[in-house]
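Have a look at protein.txt; it's compact mmCIF, C-alpha atoms and all ligand atoms:
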```txt
# COMPACT_ATOMS: atom_id res chain seq x y z
CA MET A 150 0.00 0.00 0.00
CA ASN A 151 1.32 3.43 -0.94
CA LYS A 152 1.11 5.70 2.10
CA GLN A 153 2.73 8.69 0.40
CA PRO A 154 0.29 11.59 0.46
CA ARG A 155 -0.76 12.94 -2.91
CA LEU A 156 -1.59 16.59 -3.32
CA LYS A 157 -4.96 17.24 -4.89
CA GLN A 158 -6.62 20.58 -5.47
CA PHE A 159 -10.36 21.10 -5.24
CA ASP A 160 -11.98 22.37 -8.42
CA ALA A 161 -14.31 25.37 -8.56
CA LEU A 162 -17.24 23.25 -7.29
CA GLY A 163 -15.28 21.73 -4.40
CA ARG A 164 -14.69 18.37 -6.10
CA ILE A 165 -11.59 16.24 -6.10
CA CYS A 166 -10.82 13.11 -8.09
CA ILE A 167 -9.83 9.96 -6.21
CA PRO A 168 -6.89 8.48 -8.12
CA LYS A 169 -7.84 5.55 -10.34
CA TYR A 170 -5.33 3.19 -8.75
CA MET A 171 -6.92 3.82 -5.34
CA ARG A 172 -10.40 3.14 -6.72
CA ASP A 173 -9.07 0.02 -8.43
CA ASN A 174 -7.32 -1.17 -5.27
CA LEU A 175 -10.60 -0.88 -3.36
CA ASN A 176 -12.65 -2.26 -6.27
CA ILE A 177 -14.73 0.91 -6.44
CA LYS A 178 -16.68 1.13 -9.69
CA ASN A 179 -17.64 4.53 -11.11
CA LYS A 180 -21.38 5.31 -11.12
CA GLU A 181 -22.07 2.10 -9.19
CA ASP A 182 -20.42 2.11 -5.78
CA PHE A 183 -20.75 4.58 -2.94
CA VAL A 184 -18.27 5.97 -0.45
CA GLU A 185 -18.84 7.28 3.04
CA ILE A 186 -17.34 10.69 3.78
CA TYR A 187 -17.00 12.26 7.18
CA GLN A 188 -14.89 14.71 9.13
CA ASN A 189 -12.60 13.44 11.88
CA ASP A 190 -11.22 16.52 13.64
CA ASP A 191 -8.99 18.11 10.97
CA GLU A 192 -9.19 15.18 8.54
CA ILE A 193 -11.65 14.33 5.80
CA VAL A 194 -12.10 10.56 5.71
CA ILE A 195 -13.46 8.74 2.66
CA LYS A 196 -14.28 5.04 3.05
CA ARG A 197 -15.65 2.52 0.60
CA HIS A 198 -19.30 1.93 1.46
CA LYS A 199 -19.81 -1.71 2.20
CA LYS A 200 -23.17 -3.18 1.31
CA LEU A 201 -24.84 -4.88 4.27
CA CYS A 202 -28.04 -6.85 4.74
CA VAL A 203 -30.79 -4.36 5.58
CA PHE A 204 -32.15 -6.74 8.23
CA CYS A 205 -29.13 -8.15 10.10
CA GLY A 206 -26.05 -6.25 8.89
CA ASN A 207 -24.38 -9.36 7.44
CA ASP A 208 -22.17 -8.72 4.39
CA ASP A 209 -22.00 -12.26 3.03
CA ALA A 210 -23.84 -13.60 -0.03
CA LEU A 211 -26.11 -10.61 -0.60
CA THR A 212 -29.02 -10.52 -3.01
CA GLU A 213 -30.19 -7.18 -4.37
CA PHE A 214 -33.93 -6.47 -4.30
CA GLU A 215 -35.50 -3.11 -5.07
CA GLY A 216 -32.17 -1.40 -4.39
CA LYS A 217 -31.72 -3.10 -0.99
CA SER A 218 -29.33 -5.87 -0.01
CA ILE A 219 -30.60 -9.02 1.73
CA CYS A 220 -28.37 -11.86 2.98
CA THR A 221 -29.07 -15.50 2.24
CA GLY A 222 -30.16 -16.20 5.83
CA CYS A 223 -32.71 -13.39 5.94
CA LEU A 224 -33.90 -14.24 2.43
CA LYS A 225 -34.63 -17.79 3.59
CA LYS A 226 -36.48 -16.50 6.67
CA ILE A 227 -38.63 -14.24 4.46
CA LYS A 228 -39.43 -17.10 2.09
CA ASP A 229 -40.49 -19.24 5.07
CA ILE A 230 -43.04 -16.66 6.28
ZN ZN A 301 -29.58 -10.64 6.90
```
For this file, produce the structure as structure tokens.
Ligand SMILES: [Zn+2]
Amino acid sequence: MNKQPRLKQFDALGRICIPKYMRDNLNIKNKEDFVEIYQNDDEIVIKRHKKLCVFCGNDDALTEFEGKSICTGCLKKIKDI
């Protein structure tokens, strides 16, 4: 992992571009994946948003339905209702 800081300048609208190699390393796909951004004291932290089951928070074997993620276990429970 490259820990060398890279200087980036915000554009006129306050945007910056995350370097492609960083997006590739984290398997972040343009126009598909989300990131979480928050302020931690004097830092701006950007994290890859991890999809989780909307019912239990599990991140394994997710199925997408109506824009929501559901894990295999919860999907089985719903089918058994
Ligand atoms: Zn679940």
(message) Using only C-alpha atoms and all ligand atoms, which residues have at least one atom no more than 8 Å from ligand ZN 301 (chain A)? Output them as number ranges by chain.
(response) A: 201-207, 219-224
(request) Using atom CA of A:Asn179 and atom CA of A:Ile165 as the two end points, give the distance in Å to one decimal. (result) 14.1 Å
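Nearest-residue note for A:Asn176: choosing from A:Arg197, A:Gln153, A:Asp208, A:Asp229, the minimum distance belongs to A:Arg197, counting only C-alpha atoms.
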(message) Set the distance at 12 Å and use only C-alpha atoms: which residues neighbour A:Leu175 once local chain neighbours fewer than 5 positions away are removed? I'd like the list as a PyMOL selection string.
(response) chain A and resi 150+167-170+182-184+195-199
(request) Rounded to one decimal place, report the atom CA of A:Lys217-atom CA of A:Asn189 distance in Å. (result) 28.4 Å
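Between atom CA of A:Pro154 and atom CA of A:Lys180 there is a distance of 25.4 Å.
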Using the atoms already present, construct N, CA and C atoms for stretch 174-207 of chain A and hand them back as a PDB file, in the frame of the given file.
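Written file, rebuild-v5.pdb:
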```pdb
ATOM      1  N   ASN A 174      -7.771  -0.372  -6.410  1.00  0.00           N
ATOM      2  CA  ASN A 174      -7.320  -1.170  -5.270  1.00  0.00           C
ATOM      3  C   ASN A 174      -8.481  -1.534  -4.346  1.00  0.00           C
ATOM      4  N   LEU A 175      -9.456  -0.632  -4.243  1.00  0.00           N
ATOM      5  CA  LEU A 175     -10.600  -0.880  -3.360  1.00  0.00           C
ATOM      6  C   LEU A 175     -11.804  -1.423  -4.127  1.00  0.00           C
ATOM      7  N   ASN A 176     -11.589  -1.720  -5.417  1.00  0.00           N
ATOM      8  CA  ASN A 176     -12.650  -2.260  -6.270  1.00  0.00           C
ATOM      9  C   ASN A 176     -13.883  -1.355  -6.280  1.00  0.00           C
ATOM     10  N   ILE A 177     -13.641  -0.063  -6.369  1.00  0.00           N
ATOM     11  CA  ILE A 177     -14.730   0.910  -6.440  1.00  0.00           C
ATOM     12  C   ILE A 177     -15.026   1.190  -7.899  1.00  0.00           C
ATOM     13  N   LYS A 178     -16.278   0.947  -8.292  1.00  0.00           N
ATOM     14  CA  LYS A 178     -16.680   1.130  -9.690  1.00  0.00           C
ATOM     15  C   LYS A 178     -17.419   2.457  -9.838  1.00  0.00           C
ATOM     16  N   ASN A 179     -16.999   3.238 -10.846  1.00  0.00           N
ATOM     17  CA  ASN A 179     -17.640   4.530 -11.110  1.00  0.00           C
ATOM     18  C   ASN A 179     -19.121   4.339 -11.402  1.00  0.00           C
ATOM     19  N   LYS A 180     -19.935   5.268 -10.906  1.00  0.00           N
ATOM     20  CA  LYS A 180     -21.380   5.310 -11.120  1.00  0.00           C
ATOM     21  C   LYS A 180     -22.093   4.064 -10.601  1.00  0.00           C
ATOM     22  N   GLU A 181     -21.439   3.304  -9.731  1.00  0.00           N
ATOM     23  CA  GLU A 181     -22.070   2.100  -9.190  1.00  0.00           C
ATOM     24  C   GLU A 181     -21.915   2.051  -7.671  1.00  0.00           C
ATOM     25  N   ASP A 182     -20.690   2.248  -7.213  1.00  0.00           N
ATOM     26  CA  ASP A 182     -20.420   2.110  -5.780  1.00  0.00           C
ATOM     27  C   ASP A 182     -20.510   3.459  -5.074  1.00  0.00           C
ATOM     28  N   PHE A 183     -20.665   3.388  -3.775  1.00  0.00           N
ATOM     29  CA  PHE A 183     -20.750   4.580  -2.940  1.00  0.00           C
ATOM     30  C   PHE A 183     -19.575   4.616  -1.976  1.00  0.00           C
ATOM     31  N   VAL A 184     -19.250   5.808  -1.517  1.00  0.00           N
ATOM     32  CA  VAL A 184     -18.270   5.970  -0.450  1.00  0.00           C
ATOM     33  C   VAL A 184     -18.952   6.702   0.692  1.00  0.00           C
ATOM     34  N   GLU A 185     -18.370   6.547   1.873  1.00  0.00           N
ATOM     35  CA  GLU A 185     -18.840   7.280   3.040  1.00  0.00           C
ATOM     36  C   GLU A 185     -17.808   8.374   3.293  1.00  0.00           C
ATOM     37  N   ILE A 186     -18.262   9.584   3.524  1.00  0.00           N
ATOM     38  CA  ILE A 186     -17.340  10.690   3.780  1.00  0.00           C
ATOM     39  C   ILE A 186     -17.727  11.353   5.085  1.00  0.00           C
ATOM     40  N   TYR A 187     -16.737  11.590   5.926  1.00  0.00           N
ATOM     41  CA  TYR A 187     -17.000  12.260   7.180  1.00  0.00           C
ATOM     42  C   TYR A 187     -15.769  13.017   7.649  1.00  0.00           C
ATOM     43  N   GLN A 188     -15.983  13.912   8.577  1.00  0.00           N
ATOM     44  CA  GLN A 188     -14.890  14.710   9.130  1.00  0.00           C
ATOM     45  C   GLN A 188     -14.471  14.104  10.457  1.00  0.00           C
ATOM     46  N   ASN A 189     -13.174  13.943  10.635  1.00  0.00           N
ATOM     47  CA  ASN A 189     -12.600  13.440  11.880  1.00  0.00           C
ATOM     48  C   ASN A 189     -11.579  14.483  12.346  1.00  0.00           C
ATOM     49  N   ASP A 190     -12.039  15.380  13.224  1.00  0.00           N
ATOM     50  CA  ASP A 190     -11.220  16.520  13.640  1.00  0.00           C
ATOM     51  C   ASP A 190     -10.767  17.313  12.414  1.00  0.00           C
ATOM     52  N   ASP A 191      -9.454  17.319  12.115  1.00  0.00           N
ATOM     53  CA  ASP A 191      -8.990  18.110  10.970  1.00  0.00           C
ATOM     54  C   ASP A 191      -8.751  17.263   9.734  1.00  0.00           C
ATOM     55  N   GLU A 192      -9.335  16.050   9.700  1.00  0.00           N
ATOM     56  CA  GLU A 192      -9.190  15.180   8.540  1.00  0.00           C
ATOM     57  C   GLU A 192     -10.528  14.981   7.849  1.00  0.00           C
ATOM     58  N   ILE A 193     -10.486  14.767   6.556  1.00  0.00           N
ATOM     59  CA  ILE A 193     -11.650  14.330   5.800  1.00  0.00           C
ATOM     60  C   ILE A 193     -11.396  12.869   5.448  1.00  0.00           C
ATOM     61  N   VAL A 194     -12.292  11.994   5.905  1.00  0.00           N
ATOM     62  CA  VAL A 194     -12.100  10.560   5.710  1.00  0.00           C
ATOM     63  C   VAL A 194     -13.103  10.074   4.667  1.00  0.00           C
ATOM     64  N   ILE A 195     -12.608   9.329   3.690  1.00  0.00           N
ATOM     65  CA  ILE A 195     -13.460   8.740   2.660  1.00  0.00           C
ATOM     66  C   ILE A 195     -13.264   7.236   2.722  1.00  0.00           C
ATOM     67  N   LYS A 196     -14.356   6.495   2.953  1.00  0.00           N
ATOM     68  CA  LYS A 196     -14.280   5.040   3.050  1.00  0.00           C
ATOM     69  C   LYS A 196     -15.204   4.410   2.026  1.00  0.00           C
ATOM     70  N   ARG A 197     -14.783   3.260   1.504  1.00  0.00           N
ATOM     71  CA  ARG A 197     -15.650   2.520   0.600  1.00  0.00           C
ATOM     72  C   ARG A 197     -16.895   2.109   1.385  1.00  0.00           C
ATOM     73  N   HIS A 198     -18.057   2.342   0.821  1.00  0.00           N
ATOM     74  CA  HIS A 198     -19.300   1.930   1.460  1.00  0.00           C
ATOM     75  C   HIS A 198     -19.506   0.445   1.229  1.00  0.00           C
ATOM     76  N   LYS A 199     -19.638  -0.277   2.297  1.00  0.00           N
ATOM     77  CA  LYS A 199     -19.810  -1.710   2.200  1.00  0.00           C
ATOM     78  C   LYS A 199     -21.291  -2.034   2.276  1.00  0.00           C
ATOM     79  N   LYS A 200     -21.761  -2.791   1.297  1.00  0.00           N
ATOM     80  CA  LYS A 200     -23.170  -3.180   1.310  1.00  0.00           C
ATOM     81  C   LYS A 200     -23.389  -4.181   2.432  1.00  0.00           C
ATOM     82  N   LEU A 201     -24.483  -3.994   3.161  1.00  0.00           N
ATOM     83  CA  LEU A 201     -24.840  -4.880   4.270  1.00  0.00           C
ATOM     84  C   LEU A 201     -26.302  -5.275   4.142  1.00  0.00           C
ATOM     85  N   CYS A 202     -26.641  -6.402   4.705  1.00  0.00           N
ATOM     86  CA  CYS A 202     -28.040  -6.850   4.740  1.00  0.00           C
ATOM     87  C   CYS A 202     -28.865  -5.806   5.509  1.00  0.00           C
ATOM     88  N   VAL A 203     -29.973  -5.387   4.941  1.00  0.00           N
ATOM     89  CA  VAL A 203     -30.790  -4.360   5.580  1.00  0.00           C
ATOM     90  C   VAL A 203     -31.441  -4.869   6.872  1.00  0.00           C
ATOM     91  N   PHE A 204     -31.493  -6.188   7.037  1.00  0.00           N
ATOM     92  CA  PHE A 204     -32.150  -6.740   8.230  1.00  0.00           C
ATOM     93  C   PHE A 204     -31.167  -7.056   9.353  1.00  0.00           C
ATOM     94  N   CYS A 205     -30.018  -7.669   9.028  1.00  0.00           N
ATOM     95  CA  CYS A 205     -29.130  -8.150  10.100  1.00  0.00           C
ATOM     96  C   CYS A 205     -27.727  -7.556  10.040  1.00  0.00           C
ATOM     97  N   GLY A 206     -27.379  -6.856   8.978  1.00  0.00           N
ATOM     98  CA  GLY A 206     -26.050  -6.250   8.890  1.00  0.00           C
ATOM     99  C   GLY A 206     -24.971  -7.180   8.357  1.00  0.00           C
ATOM    100  N   ASN A 207     -25.324  -8.406   8.006  1.00  0.00           N
ATOM    101  CA  ASN A 207     -24.380  -9.360   7.440  1.00  0.00           C
ATOM    102  C   ASN A 207     -23.907  -8.852   6.061  1.00  0.00           C
TER     103      ASN A 207
END
```
